[in-house]
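> Sharing start-v8.cif, mmCIF, C-alpha atoms:
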```cif
data_upload
#
loop_
_atom_site.label_atom_id
_atom_site.label_comp_id
_atom_site.auth_asym_id
_atom_site.auth_seq_id
_atom_site.Cartn_x
_atom_site.Cartn_y
_atom_site.Cartn_z
CA MET F 19 0.00 0.00 0.00
CA GLY F 20 2.89 2.34 0.83
CA LYS F 21 4.50 1.58 -2.54
CA ASN F 22 1.33 2.52 -4.45
CA LEU F 23 1.11 5.77 -2.50
CA GLN F 24 4.68 6.65 -3.46
CA ILE F 25 3.93 6.00 -7.14
CA SER F 26 0.80 8.15 -6.93
CA ILE F 27 2.72 11.00 -5.29
CA ALA F 28 5.48 10.76 -7.92
CA ARG F 29 2.97 10.90 -10.78
CA THR F 30 1.22 13.89 -9.21
CA ALA F 31 4.55 15.71 -8.74
CA HIS F 32 5.46 15.03 -12.39
CA LEU F 33 2.12 16.38 -13.57
CA VAL F 34 2.50 19.52 -11.45
CA LEU F 35 6.03 20.03 -12.84
CA VAL F 36 4.77 19.75 -16.44
CA ILE F 37 2.01 22.29 -15.75
CA LEU F 38 4.47 24.72 -14.14
CA VAL F 39 6.92 24.46 -17.06
CA THR F 40 4.09 25.04 -19.52
CA LEU F 41 2.88 28.10 -17.63
CA CYS F 42 6.38 29.50 -17.43
CA MET F 43 6.88 29.12 -21.17
CA ALA F 44 3.61 30.95 -21.80
CA CYS F 45 4.45 33.73 -19.37
CA PRO F 46 5.73 37.00 -20.97
CA LEU F 47 8.63 36.95 -18.55
CA PHE F 48 9.95 33.86 -20.32
CA ALA F 49 8.77 34.80 -23.84
CA ASP F 50 11.05 34.14 -26.79
CA GLU F 51 12.39 37.40 -28.19
CA SER F 52 11.69 36.33 -31.76
CA VAL F 53 10.53 39.69 -33.18
CA THR F 54 12.90 42.20 -34.78
CA ALA F 55 11.84 45.74 -35.62
CA ILE F 56 13.59 48.08 -38.05
CA LYS F 57 12.39 51.53 -37.03
CA GLY F 58 12.56 55.07 -38.33
CA GLY F 59 14.07 54.69 -41.78
CA ASP F 60 12.76 55.61 -45.22
CA LEU F 61 11.46 52.31 -46.55
CA TYR F 62 12.05 51.81 -50.27
CA THR F 63 9.50 49.05 -50.75
CA ILE F 64 10.14 48.98 -54.55
CA THR F 65 6.58 47.81 -55.31
CA SER F 66 4.55 50.16 -53.05
CA GLY F 67 6.47 53.42 -53.03
CA ILE F 68 8.54 54.97 -50.24
CA ILE F 69 7.31 54.93 -46.64
CA LYS F 70 8.87 57.79 -44.68
CA ASN F 71 9.82 57.12 -41.07
CA GLY F 72 8.49 53.59 -41.40
CA THR F 73 8.75 50.40 -39.39
CA ILE F 74 9.25 46.79 -40.43
CA LEU F 75 8.45 43.90 -38.10
CA ILE F 76 10.22 40.61 -38.73
CA GLU F 77 9.06 37.26 -37.35
CA ASP F 78 10.42 33.80 -38.19
CA GLY F 79 12.60 35.23 -40.94
CA LYS F 80 9.68 36.89 -42.74
CA ILE F 81 8.30 40.41 -42.93
CA SER F 82 5.17 40.34 -40.76
CA ARG F 83 4.19 44.02 -40.82
CA ILE F 84 5.33 47.17 -42.62
CA GLY F 85 4.16 50.78 -42.49
CA GLN F 86 3.96 53.83 -40.25
CA ASN F 87 2.83 54.00 -36.61
CA ILE F 88 3.22 50.26 -36.11
CA GLU F 89 3.26 49.17 -32.48
CA ILE F 90 6.49 47.41 -31.62
CA PRO F 91 6.25 44.50 -29.14
CA LYS F 92 8.00 45.21 -25.84
CA LYS F 93 10.36 42.26 -26.16
CA ALA F 94 11.32 42.98 -29.79
CA LYS F 95 14.90 43.62 -30.84
CA VAL F 96 14.89 47.15 -32.29
CA ILE F 97 17.23 48.34 -35.05
CA ASN F 98 17.30 52.13 -35.26
CA ALA F 99 17.34 53.18 -38.93
CA ARG F 100 16.49 56.86 -38.45
CA GLY F 101 18.02 58.94 -41.23
CA LYS F 102 18.84 55.80 -43.24
CA ILE F 103 17.39 54.14 -46.32
CA VAL F 104 15.93 50.66 -45.84
CA MET F 105 15.30 48.53 -48.91
CA PRO F 106 15.18 44.91 -50.05
CA GLY F 107 18.49 43.19 -50.60
CA LEU F 108 19.90 43.48 -54.11
CA VAL F 109 19.39 40.66 -56.60
CA ALA F 110 22.15 39.72 -59.06
CA ALA F 111 20.67 37.94 -62.08
CA THR F 112 24.12 36.61 -63.03
CA ALA F 113 26.84 35.90 -60.50
CA GLU F 114 29.79 33.77 -59.47
CA VAL F 115 29.33 33.60 -55.72
CA GLY F 116 29.58 30.96 -53.02
CA MET F 117 30.60 28.02 -55.19
CA THR F 118 33.62 25.80 -55.38
CA GLY F 119 34.24 23.19 -58.04
CA SER F 120 31.40 21.85 -60.16
CA GLY F 121 28.92 19.03 -60.07
CA SER F 122 25.64 17.79 -61.38
CA LYS F 123 23.90 19.85 -58.69
CA ILE F 124 24.68 23.33 -57.45
CA ALA F 125 23.80 22.19 -53.93
CA ASP F 126 26.80 19.87 -53.98
CA SER F 127 29.27 22.66 -54.75
CA LEU F 128 28.23 25.43 -52.37
CA ASP F 129 30.86 27.01 -50.15
CA PRO F 130 29.40 29.14 -47.32
CA PHE F 131 32.87 30.36 -46.32
CA HIS F 132 33.93 31.70 -49.72
CA TYR F 133 35.05 35.32 -49.42
CA HIS F 134 32.75 36.22 -52.34
CA ALA F 135 29.81 35.50 -50.03
CA SER F 136 31.10 37.96 -47.43
CA LEU F 137 31.71 40.60 -50.10
CA ALA F 138 28.19 40.06 -51.44
CA LEU F 139 26.80 40.87 -47.98
CA ALA F 140 29.00 43.96 -47.75
CA SER F 141 27.63 45.05 -51.12
CA GLY F 142 24.00 44.55 -50.10
CA ILE F 143 23.52 41.59 -52.44
CA THR F 144 21.31 38.97 -50.80
CA THR F 145 20.18 36.84 -53.76
CA VAL F 146 22.19 35.62 -56.75
CA TYR F 147 21.73 33.40 -59.80
CA VAL F 148 24.65 31.00 -60.24
CA SER F 149 25.36 28.39 -62.89
CA SER F 150 27.83 25.61 -63.50
CA GLY F 151 28.72 24.48 -67.00
CA ARG F 152 27.49 25.77 -70.32
CA PRO F 153 26.38 24.27 -73.64
CA SER F 154 29.32 23.49 -75.90
CA GLY F 155 29.92 22.47 -79.52
CA SER F 156 27.01 20.68 -81.13
CA ASN F 157 25.29 20.13 -77.76
CA PRO F 158 22.92 23.10 -77.37
CA ILE F 159 21.79 22.18 -73.84
CA GLY F 160 24.10 22.02 -70.87
CA GLY F 161 24.99 23.02 -67.35
CA THR F 162 22.96 23.47 -64.22
CA ASN F 163 21.86 26.55 -62.28
CA ALA F 164 20.30 27.73 -59.06
CA VAL F 165 19.39 30.77 -57.00
CA ILE F 166 21.28 31.06 -53.73
CA LYS F 167 21.66 33.45 -50.81
CA PRO F 168 25.16 34.40 -49.61
CA THR F 169 24.50 33.30 -46.04
CA TYR F 170 28.13 33.39 -45.01
CA GLY F 171 28.95 30.51 -42.67
CA ASP F 172 25.47 28.99 -43.00
CA LEU F 173 25.23 26.23 -45.61
CA ASP F 174 21.70 25.16 -44.63
CA ASN F 175 20.13 28.43 -45.78
CA MET F 176 22.18 29.09 -48.92
CA LEU F 177 20.12 27.26 -51.54
CA LEU F 178 16.89 29.05 -52.41
CA LYS F 179 15.86 27.27 -55.60
CA GLU F 180 17.67 24.91 -57.94
CA SER F 181 17.14 24.74 -61.69
CA VAL F 182 15.29 27.95 -62.53
CA ALA F 183 16.13 28.06 -66.25
CA GLN F 184 17.62 25.91 -68.98
CA ASN F 185 20.98 27.07 -70.29
CA ALA F 186 21.05 26.84 -74.06
CA GLY F 187 23.61 27.83 -76.67
CA LEU F 188 22.88 28.75 -80.28
CA SER F 189 26.21 30.33 -81.17
CA SER F 190 27.23 27.59 -83.61
CA TRP F 191 25.33 26.43 -86.68
CA MET F 192 25.42 22.83 -85.44
CA GLY F 193 24.14 23.79 -82.00
CA LYS F 194 21.26 25.81 -83.39
CA THR F 195 20.29 23.03 -85.82
CA SER F 196 20.37 20.40 -83.08
CA PHE F 197 18.32 22.63 -80.77
CA MET F 198 15.56 23.14 -83.35
CA GLN F 199 15.49 19.47 -84.38
CA ASN F 200 15.05 18.35 -80.79
CA LEU F 201 12.34 20.93 -80.21
CA ARG F 202 10.46 19.66 -83.24
CA LYS F 203 10.77 16.05 -82.07
CA ALA F 204 9.42 17.02 -78.67
CA GLN F 205 6.65 19.09 -80.26
CA ALA F 206 5.54 16.21 -82.51
CA TYR F 207 5.51 13.83 -79.54
CA LEU F 208 3.38 16.20 -77.43
CA GLN F 209 0.94 16.74 -80.29
CA LYS F 210 0.43 12.98 -80.72
CA LEU F 211 0.14 12.52 -76.97
CA GLU F 212 -2.57 15.18 -76.81
CA GLU F 213 -4.42 13.73 -79.79
CA TYR F 214 -4.46 10.15 -78.48
CA THR F 215 -5.45 11.32 -74.99
CA ARG F 216 -8.27 13.48 -76.35
CA ASN F 217 -9.61 10.60 -78.47
CA LYS F 218 -9.12 8.12 -75.61
CA ASP F 219 -7.17 5.86 -77.95
CA GLN F 220 -5.53 3.61 -75.36
CA LYS F 221 -3.89 1.37 -77.93
CA LYS F 222 -2.03 4.20 -79.65
CA LEU F 223 -1.15 5.71 -76.28
CA GLN F 224 0.52 2.48 -75.25
CA GLU F 225 2.38 2.27 -78.56
CA LEU F 226 3.54 5.91 -78.47
CA LYS F 227 7.21 6.09 -77.54
CA LYS F 228 8.92 9.23 -76.36
CA PRO F 229 12.03 10.05 -78.41
CA SER F 230 15.25 9.82 -76.40
CA GLY F 231 16.86 12.99 -75.10
CA VAL F 232 13.83 15.27 -75.40
CA ASP F 233 12.78 15.60 -71.75
CA THR F 234 14.41 19.02 -71.40
CA TYR F 235 12.86 20.23 -74.64
CA ILE F 236 9.43 19.08 -73.47
CA ARG F 237 9.83 21.22 -70.35
CA LEU F 238 10.69 24.20 -72.56
CA LEU F 239 7.66 23.63 -74.77
CA LYS F 240 5.41 23.31 -71.73
CA ARG F 241 6.88 26.61 -70.48
CA GLU F 242 7.88 24.98 -67.20
CA LEU F 243 11.29 26.64 -67.48
CA PRO F 244 12.56 29.50 -69.60
CA ALA F 245 15.42 28.99 -72.03
CA ARG F 246 18.37 31.17 -71.05
CA LEU F 247 20.27 32.24 -74.17
CA ARG F 248 23.02 34.66 -75.12
CA ALA F 249 22.47 37.11 -77.95
CA ARG F 250 24.47 40.30 -78.36
CA THR F 251 23.44 41.58 -81.79
CA ALA F 252 20.03 42.58 -83.12
CA ALA F 253 20.28 39.79 -85.71
CA GLU F 254 20.91 37.17 -83.02
CA ILE F 255 17.96 38.46 -81.00
CA LEU F 256 15.67 38.25 -84.05
CA ASP F 257 16.77 34.62 -84.57
CA ILE F 258 15.45 33.92 -81.07
CA VAL F 259 12.22 35.76 -81.89
CA GLU F 260 11.70 33.27 -84.75
CA LEU F 261 12.14 30.38 -82.30
CA ILE F 262 9.47 31.85 -80.04
CA ASP F 263 7.13 32.28 -83.00
CA GLU F 264 7.49 28.59 -83.83
CA PHE F 265 7.65 27.02 -80.39
CA GLY F 266 6.14 29.52 -77.92
CA MET F 267 8.89 29.15 -75.32
CA ARG F 268 9.69 31.49 -72.45
CA VAL F 269 13.06 33.12 -73.05
CA ILE F 270 15.68 35.06 -71.09
CA ILE F 271 18.41 36.73 -73.14
CA GLU F 272 21.76 37.67 -71.62
CA ASP F 273 24.27 40.20 -73.01
CA ALA F 274 21.59 41.94 -75.09
CA VAL F 275 23.82 44.85 -76.17
CA GLU F 276 21.85 45.71 -79.30
CA ALA F 277 18.41 45.10 -77.78
CA TRP F 278 17.56 48.79 -78.20
CA ILE F 279 17.42 48.29 -81.98
CA VAL F 280 14.66 45.65 -81.78
CA ALA F 281 13.00 46.73 -78.52
CA GLU F 282 9.47 46.55 -79.95
CA GLU F 283 9.92 42.93 -81.11
CA ILE F 284 11.36 41.98 -77.73
CA ALA F 285 8.37 43.50 -75.93
CA LYS F 286 5.89 41.87 -78.33
CA HIS F 287 7.32 38.42 -77.57
CA ASP F 288 7.58 39.04 -73.80
CA ILE F 289 11.31 38.29 -73.72
CA ARG F 290 13.15 39.02 -70.47
CA LEU F 291 16.60 40.57 -70.72
CA ILE F 292 19.77 40.82 -68.67
CA ILE F 293 21.79 43.84 -69.71
CA THR F 294 24.93 45.75 -68.76
CA PRO F 295 24.48 49.47 -69.50
CA ARG F 296 28.22 50.17 -69.67
CA GLU F 297 29.00 47.29 -72.03
CA LYS F 298 30.61 48.52 -75.24
CA ARG F 299 30.21 47.24 -78.80
CA ARG F 300 31.43 49.12 -81.84
CA PRO F 301 28.95 49.76 -84.65
CA ASN F 302 29.16 47.33 -87.56
CA GLU F 303 30.45 49.38 -90.48
CA ASN F 304 29.38 46.69 -92.95
CA ILE F 305 25.66 47.27 -92.45
CA SER F 306 23.58 50.35 -93.17
CA GLY F 307 21.19 50.00 -90.21
CA PRO F 308 21.81 50.97 -86.57
CA SER F 309 24.22 48.79 -84.61
CA GLY F 310 26.54 48.79 -81.62
CA SER F 311 25.98 49.73 -78.00
CA THR F 312 24.36 52.78 -76.44
CA LEU F 313 24.02 54.01 -72.88
CA GLU F 314 20.34 54.61 -73.70
CA ASN F 315 19.70 50.86 -74.12
CA ALA F 316 17.82 50.53 -70.81
CA ALA F 317 15.74 53.69 -71.32
CA ILE F 318 14.66 52.59 -74.80
CA LEU F 319 13.74 49.11 -73.54
CA LYS F 320 11.69 50.63 -70.70
CA LYS F 321 9.78 52.84 -73.13
CA ALA F 322 8.96 49.76 -75.23
CA GLY F 323 7.67 47.87 -72.17
CA VAL F 324 10.51 45.34 -71.85
CA LYS F 325 11.38 43.90 -68.43
CA PHE F 326 15.08 43.60 -67.71
CA ALA F 327 17.63 43.05 -64.99
CA ILE F 328 20.90 44.94 -64.77
CA VAL F 329 24.27 43.36 -63.99
CA PRO F 330 27.83 44.80 -64.05
CA THR F 331 30.49 43.75 -66.54
CA SER F 332 31.97 41.15 -64.19
CA PRO F 333 29.75 38.54 -62.47
CA SER F 334 32.19 38.03 -59.58
CA PHE F 335 34.01 40.06 -56.94
CA ALA F 336 37.47 41.27 -57.87
CA THR F 337 40.08 42.20 -55.29
CA TRP F 338 42.52 43.32 -57.96
CA GLY F 339 42.50 45.08 -61.33
CA ILE F 340 40.10 47.85 -62.32
CA ALA F 341 37.68 48.78 -59.55
CA GLY F 342 34.03 49.51 -60.16
CA ARG F 343 33.21 46.81 -62.71
CA ASP F 344 32.49 43.80 -60.53
CA LEU F 345 29.42 42.83 -58.47
CA MET F 346 30.27 45.39 -55.79
CA ALA F 347 29.30 48.00 -58.40
CA LEU F 348 25.82 46.59 -59.04
CA PRO F 349 24.01 49.78 -57.90
CA MET F 350 26.48 51.90 -59.89
CA GLU F 351 25.71 49.92 -63.04
CA ALA F 352 22.04 50.80 -62.54
CA ALA F 353 23.07 54.42 -61.95
CA PHE F 354 24.76 54.45 -65.36
CA ALA F 355 21.43 53.38 -66.88
CA VAL F 356 19.88 56.42 -65.16
CA SER F 357 22.53 58.63 -66.76
CA GLY F 358 21.38 57.14 -70.07
CA GLY F 359 17.81 58.32 -69.49
CA LEU F 360 16.26 55.54 -67.40
CA ASP F 361 14.11 56.62 -64.45
CA GLU F 362 15.40 55.80 -60.96
CA GLN F 363 12.43 53.63 -60.02
CA THR F 364 12.94 51.26 -62.96
CA ALA F 365 16.68 51.20 -62.29
CA LEU F 366 15.99 50.07 -58.71
CA GLU F 367 13.53 47.44 -59.98
CA ALA F 368 16.23 46.14 -62.34
CA ILE F 369 18.42 45.17 -59.39
CA THR F 370 15.61 44.00 -57.08
CA ILE F 371 12.09 42.88 -58.02
CA ASN F 372 12.54 42.57 -61.80
CA ALA F 373 15.78 40.66 -61.37
CA ALA F 374 14.02 38.39 -58.85
CA GLU F 375 11.16 37.78 -61.29
CA ILE F 376 13.53 36.95 -64.14
CA ILE F 377 15.33 34.32 -62.07
CA GLY F 378 12.09 32.90 -60.73
CA VAL F 379 12.08 33.91 -57.05
CA ALA F 380 9.98 37.10 -56.92
CA ASP F 381 7.54 35.36 -54.58
CA ARG F 382 10.29 35.27 -51.94
CA VAL F 383 12.56 38.28 -52.47
CA GLY F 384 12.99 41.56 -54.34
CA SER F 385 10.64 43.89 -52.45
CA LEU F 386 9.55 44.84 -48.95
CA GLN F 387 6.19 43.10 -48.62
CA VAL F 388 4.42 41.23 -45.87
CA GLY F 389 5.12 37.50 -46.17
CA LYS F 390 8.37 37.84 -48.08
CA ASP F 391 11.77 36.80 -46.77
CA ALA F 392 13.28 39.46 -44.52
CA ASP F 393 16.27 40.05 -46.81
CA ILE F 394 16.87 43.71 -46.04
CA ILE F 395 19.70 46.22 -46.32
CA ILE F 396 20.17 49.53 -44.52
CA LEU F 397 22.10 52.22 -46.41
CA ASP F 398 23.69 55.44 -45.20
CA GLY F 399 22.72 57.30 -48.38
CA HIS F 400 20.89 57.04 -51.69
CA PRO F 401 21.40 53.67 -53.43
CA PHE F 402 22.87 55.37 -56.51
CA HIS F 403 25.26 57.73 -54.74
CA HIS F 404 28.87 56.69 -55.21
CA LYS F 405 29.70 57.34 -51.54
CA THR F 406 26.83 55.27 -50.13
CA PHE F 407 27.74 52.28 -47.97
CA VAL F 408 25.72 49.35 -46.72
CA GLU F 409 25.52 49.58 -42.93
CA LEU F 410 23.55 46.39 -42.22
CA THR F 411 22.57 43.36 -44.27
CA LEU F 412 19.91 40.94 -43.04
CA ILE F 413 19.02 37.63 -44.66
CA ASN F 414 15.99 35.76 -43.36
CA GLY F 415 15.78 38.34 -40.59
CA LYS F 416 19.31 37.72 -39.27
CA ILE F 417 22.05 40.34 -39.32
CA LEU F 418 24.87 38.83 -41.36
CA TYR F 419 26.86 41.98 -42.05
CA GLU F 420 27.63 45.11 -40.04
CA LYS F 421 29.86 47.78 -41.55
CA SER F 422 31.05 48.83 -38.10
CA LYS F 423 32.57 45.36 -37.67
CA SER F 424 33.70 44.81 -41.26
CA PRO F 425 37.40 44.15 -41.96
CA TYR F 426 36.83 45.67 -45.40
CA PHE F 427 35.02 48.95 -44.73
CA SER F 428 34.74 49.77 -41.02
CA HIS F 429 37.57 52.30 -41.27
CA ILE F 430 35.96 54.26 -44.13
CA THR F 431 33.79 57.30 -43.37
CA HIS F 432 32.14 59.91 -45.60
CA ASN F 433 34.98 62.26 -44.66
CA ASP F 434 37.53 59.97 -46.31
#
```
Render the structure in this file as structure tokens.

Amino acid sequence: MGKNLQISIARTAHLVLVILVTLCMACPLFADESVTAIKGGDLYTITSGIIKNGTILIEDGKISRIGQNIEIPKKAKVINARGKIVMPGLVAATAEVGMTGSGSKIADSLDPFHYHASLALASGITTVYVSSGRPSGSNPIGGTNAVIKPTYGDLDNMLLKESVAQNAGLSSWMGKTSFMQNLRKAQAYLQKLEEYTRNKDQKKLQELKKPSGVDTYIRLLKRELPARLRARTAAEILDIVELIDEFGMRVIIEDAVEAWIVAEEIAKHDIRLIITPREKRRPNENISGPSGSTLENAAILKKAGVKFAIVPTSPSFATWGIAGRDLMALPMEAAFAVSGGLDEQTALEAITINAAEIIGVADRVGSLQVGKDADIIILDGHPFHHKTFVELTLINGKILYEKSKSPYFSHITHND
């Protein structure tokens, strides 16, 4: 009888202990300080204008509230941004960041301790498109790609999305021919598949065999992924327009130096572009029509209704050579587009929300909106001023860079 009483007392004590622990966890005194507030800055939301003296609340790595006169929880960690500009982290639509070696998957070659990742944070870049391998020779399809975040020292949160486009190369006659032949094979297969399915012809469905090597082309035809192509001249761009007319694919064009010449056709076919305003190309003296590069490329494309991302001349970070042409100069590249006649708002979109849309992650990053990842930068001046520095960089709501502690820039002031 005494033994049973001891067991009963022990069980009661355990139950009381569980209740007490539960109550303590629910009590504000023991609450988890999981809310961060950025207060007092001018919020460049990109998609909803500028909010003066605004506040952003961050919970679980996401933006939970944004606006003016927002009540900040008592236990929140507060970042004072008064007198500063707060905006979404920059998005590089082409980059060489955070990777080492190569492999069949980007995830297998990520390096969270690469110094490029730390320089990306110092530059305010929080999202980048990276690729490994390219099409070569007669093989028009090749390589792999992904969108990553430069979460220095944190491998688990680097990969945002793998395989967001299909790299394709049409620079050689053989490559272009092979690309079109495979597209036509895939197109014929899909047409037969649709016909037999519509007619409920089970026998022919069973007999229908998919041609080998067309899986990627089927995805392109179904518009599951865009084809990512390089085309510098107007003639090369018009060749891609013909492909779209025949196959209806989604297309991203890189290095579109002469896009300004055929801007209307690009807009008509809803082609997305990645451009470098400062890129130079001499006019072709052998043709009578317009050719070559112009600083007005971006402004002309905007007027035509074309969506584009802006990248600098170098997709990596250089610690030697000519300064101002690598990824650290991403905002300056957009500023050059402004000097060519582009409005500032579109220039900002070209390195944030439009770039995010082009690389397929605009649902997560690229603007300050409730529900999006809290990838945020705080600047000490206008984004396009050459003396502006990034003071803080947050990814998923965590501070990953502070200028005051940076071995690169902590010693530099506006008086220098």
> Leaving out Leu188 in chain F and any residue of its chain fewer than 3 positions from it, which residues lie within 10 Å of it when counting only C-alpha atoms, given as an MDAnalysis selection string?
chainID F and resid 153:159 191:198 247:249 254 257:258
> What's the separation between CA of Gly378 in chain F and CA of Leu243 in chain F, in Å to one decimal place?
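Answer for the CA of Gly378 in chain F to CA of Leu243 in chain F separation: 9.2 Å.
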> Applied to this file, what does the PyMOL selection byres ((chain F and resi 382) around 10) return in terms of residues, put as a PDB file with C-alpha atoms, in the frame of the given file?

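Below is the file that was written, part.pdb:
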```pdb
ATOM      1  CA  LYS F  80       9.680  36.890 -42.740  1.00  0.00           C
ATOM      2  CA  LEU F 178      16.890  29.050 -52.410  1.00  0.00           C
ATOM      3  CA  ILE F 371      12.090  42.880 -58.020  1.00  0.00           C
ATOM      4  CA  ALA F 374      14.020  38.390 -58.850  1.00  0.00           C
ATOM      5  CA  GLU F 375      11.160  37.780 -61.290  1.00  0.00           C
ATOM      6  CA  GLY F 378      12.090  32.900 -60.730  1.00  0.00           C
ATOM      7  CA  VAL F 379      12.080  33.910 -57.050  1.00  0.00           C
ATOM      8  CA  ALA F 380       9.980  37.100 -56.920  1.00  0.00           C
ATOM      9  CA  ASP F 381       7.540  35.360 -54.580  1.00  0.00           C
ATOM     10  CA  VAL F 383      12.560  38.280 -52.470  1.00  0.00           C
ATOM     11  CA  GLY F 384      12.990  41.560 -54.340  1.00  0.00           C
ATOM     12  CA  SER F 385      10.640  43.890 -52.450  1.00  0.00           C
ATOM     13  CA  GLN F 387       6.190  43.100 -48.620  1.00  0.00           C
ATOM     14  CA  GLY F 389       5.120  37.500 -46.170  1.00  0.00           C
ATOM     15  CA  LYS F 390       8.370  37.840 -48.080  1.00  0.00           C
ATOM     16  CA  ASP F 391      11.770  36.800 -46.770  1.00  0.00           C
ATOM     17  CA  ALA F 392      13.280  39.460 -44.520  1.00  0.00           C
ATOM     18  CA  ASP F 393      16.270  40.050 -46.810  1.00  0.00           C
TER      19      ASP F 393
END
```
> Translate the PyMOL selection byres ((chain F and resi 341-351) around 6) into a concrete residue list for this structure, as a PDB file with C-alpha atoms, in the coordinates of the input.

```
ATOM      1  CA  SER F 141      27.630  45.050 -51.120  1.00  0.00           C
ATOM      2  CA  PRO F 330      27.830  44.800 -64.050  1.00  0.00           C
ATOM      3  CA  THR F 331      30.490  43.750 -66.540  1.00  0.00           C
ATOM      4  CA  SER F 332      31.970  41.150 -64.190  1.00  0.00           C
ATOM      5  CA  PRO F 333      29.750  38.540 -62.470  1.00  0.00           C
ATOM      6  CA  SER F 334      32.190  38.030 -59.580  1.00  0.00           C
ATOM      7  CA  PHE F 335      34.010  40.060 -56.940  1.00  0.00           C
ATOM      8  CA  ILE F 340      40.100  47.850 -62.320  1.00  0.00           C
ATOM      9  CA  ALA F 352      22.040  50.800 -62.540  1.00  0.00           C
ATOM     10  CA  ALA F 353      23.070  54.420 -61.950  1.00  0.00           C
ATOM     11  CA  PHE F 354      24.760  54.450 -65.360  1.00  0.00           C
ATOM     12  CA  PHE F 402      22.870  55.370 -56.510  1.00  0.00           C
TER      13      PHE F 402
END
```
> Which polymer residues, protein or nucleic acid, are no farther than 12 Å from (13.0, 17.6, -79.4), counting all atoms listed in the file, as a PyMOL selection string?
chain F and resi 158-159+195-208+228-239+265
> Which residues match the PyMOL selection byres ((chain F and resi 267-270) around 12) in the file above, as JSON, numbers by chain?
{"F": [111, 112, 182, 183, 184, 185, 186, 201, 205, 235, 236, 237, 238, 239, 240, 241, 242, 243, 244, 245, 246, 247, 248, 249, 255, 258, 259, 260, 261, 262, 263, 264, 265, 266, 271, 272, 273, 274, 284, 285, 287, 288, 289, 290, 291, 292, 293, 324, 325, 326, 327, 373, 375, 376, 377, 378]}
> Could you tell me how far CA of Ile166 in chain F sits from CA of Thr406 in chain F, in Å to one decimal place?
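CA of Ile166 in chain F lies 25.1 Å from CA of Thr406 in chain F.
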> Kindly indicate which residue among F:Thr63, F:Asn304, F:Thr251, F:Thr162 lies nearest to Ile81 in chain F, using only C-alpha atoms for the distances.
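Counting only C-alpha atoms, the residue closest to Ile81 in chain F is F:Thr63.
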> Neighbours of Asp361 in chain F within 12 Å (only C-alpha atoms; same-chain residues fewer than 2 positions away dropped), as a CSV table (one decimal) with C-alpha atoms, keeping the file's coordinate frame?

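Result went into out30.csv, see below:
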```csv
chain,number,residue,atom,x,y,z
F,314,GLU,CA,20.3,54.6,-73.7
F,316,ALA,CA,17.8,50.5,-70.8
F,317,ALA,CA,15.7,53.7,-71.3
F,318,ILE,CA,14.7,52.6,-74.8
F,319,LEU,CA,13.7,49.1,-73.5
F,320,LYS,CA,11.7,50.6,-70.7
F,321,LYS,CA,9.8,52.8,-73.1
F,352,ALA,CA,22.0,50.8,-62.5
F,353,ALA,CA,23.1,54.4,-62.0
F,354,PHE,CA,24.8,54.4,-65.4
F,355,ALA,CA,21.4,53.4,-66.9
F,356,VAL,CA,19.9,56.4,-65.2
F,357,SER,CA,22.5,58.6,-66.8
F,358,GLY,CA,21.4,57.1,-70.1
F,359,GLY,CA,17.8,58.3,-69.5
F,363,GLN,CA,12.4,53.6,-60.0
F,364,THR,CA,12.9,51.3,-63.0
F,365,ALA,CA,16.7,51.2,-62.3
F,366,LEU,CA,16.0,50.1,-58.7
F,367,GLU,CA,13.5,47.4,-60.0
F,368,ALA,CA,16.2,46.1,-62.3
F,402,PHE,CA,22.9,55.4,-56.5
```
> Using CA of Leu313 in chain F and CA of Arg299 in chain F as the two end points, give the distance in Å to one decimal.
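Value for the CA of Leu313 in chain F-CA of Arg299 in chain F distance: 10.9 Å.
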> Could you check which of F:Gly310, F:Gly415, F:Gly116, F:Ser136 is closest to Val53 in chain F, using all atoms listed in the file?
F:Gly415
> For a cut-off of 10 Å around (24.4, 50.4, -84.6), file coordinates, pick out all residues using only C-alpha atoms and list them as a PDB file with C-alpha atoms, in the frame of the given file.

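Written out: result_22.pdb:
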```pdb
ATOM      1  CA  THR F 251      23.440  41.580 -81.790  1.00  0.00           C
ATOM      2  CA  ALA F 252      20.030  42.580 -83.120  1.00  0.00           C
ATOM      3  CA  GLU F 276      21.850  45.710 -79.300  1.00  0.00           C
ATOM      4  CA  TRP F 278      17.560  48.790 -78.200  1.00  0.00           C
ATOM      5  CA  ILE F 279      17.420  48.290 -81.980  1.00  0.00           C
ATOM      6  CA  ARG F 299      30.210  47.240 -78.800  1.00  0.00           C
ATOM      7  CA  ARG F 300      31.430  49.120 -81.840  1.00  0.00           C
ATOM      8  CA  PRO F 301      28.950  49.760 -84.650  1.00  0.00           C
ATOM      9  CA  ASN F 302      29.160  47.330 -87.560  1.00  0.00           C
ATOM     10  CA  GLU F 303      30.450  49.380 -90.480  1.00  0.00           C
ATOM     11  CA  ILE F 305      25.660  47.270 -92.450  1.00  0.00           C
ATOM     12  CA  SER F 306      23.580  50.350 -93.170  1.00  0.00           C
ATOM     13  CA  GLY F 307      21.190  50.000 -90.210  1.00  0.00           C
ATOM     14  CA  PRO F 308      21.810  50.970 -86.570  1.00  0.00           C
ATOM     15  CA  SER F 309      24.220  48.790 -84.610  1.00  0.00           C
ATOM     16  CA  GLY F 310      26.540  48.790 -81.620  1.00  0.00           C
ATOM     17  CA  SER F 311      25.980  49.730 -78.000  1.00  0.00           C
ATOM     18  CA  THR F 312      24.360  52.780 -76.440  1.00  0.00           C
TER      19      THR F 312
END
```
> I'd like the contact shell of Pro168 in chain F - 12 Å cut-off, all atoms listed in the file, skipping same-chain residues fewer than 6 positions apart - returned as a VMD selection string.
chain F and resid 107 to 110 113 to 117 128 to 148 174 to 178 393 411 to 414 418 to 419
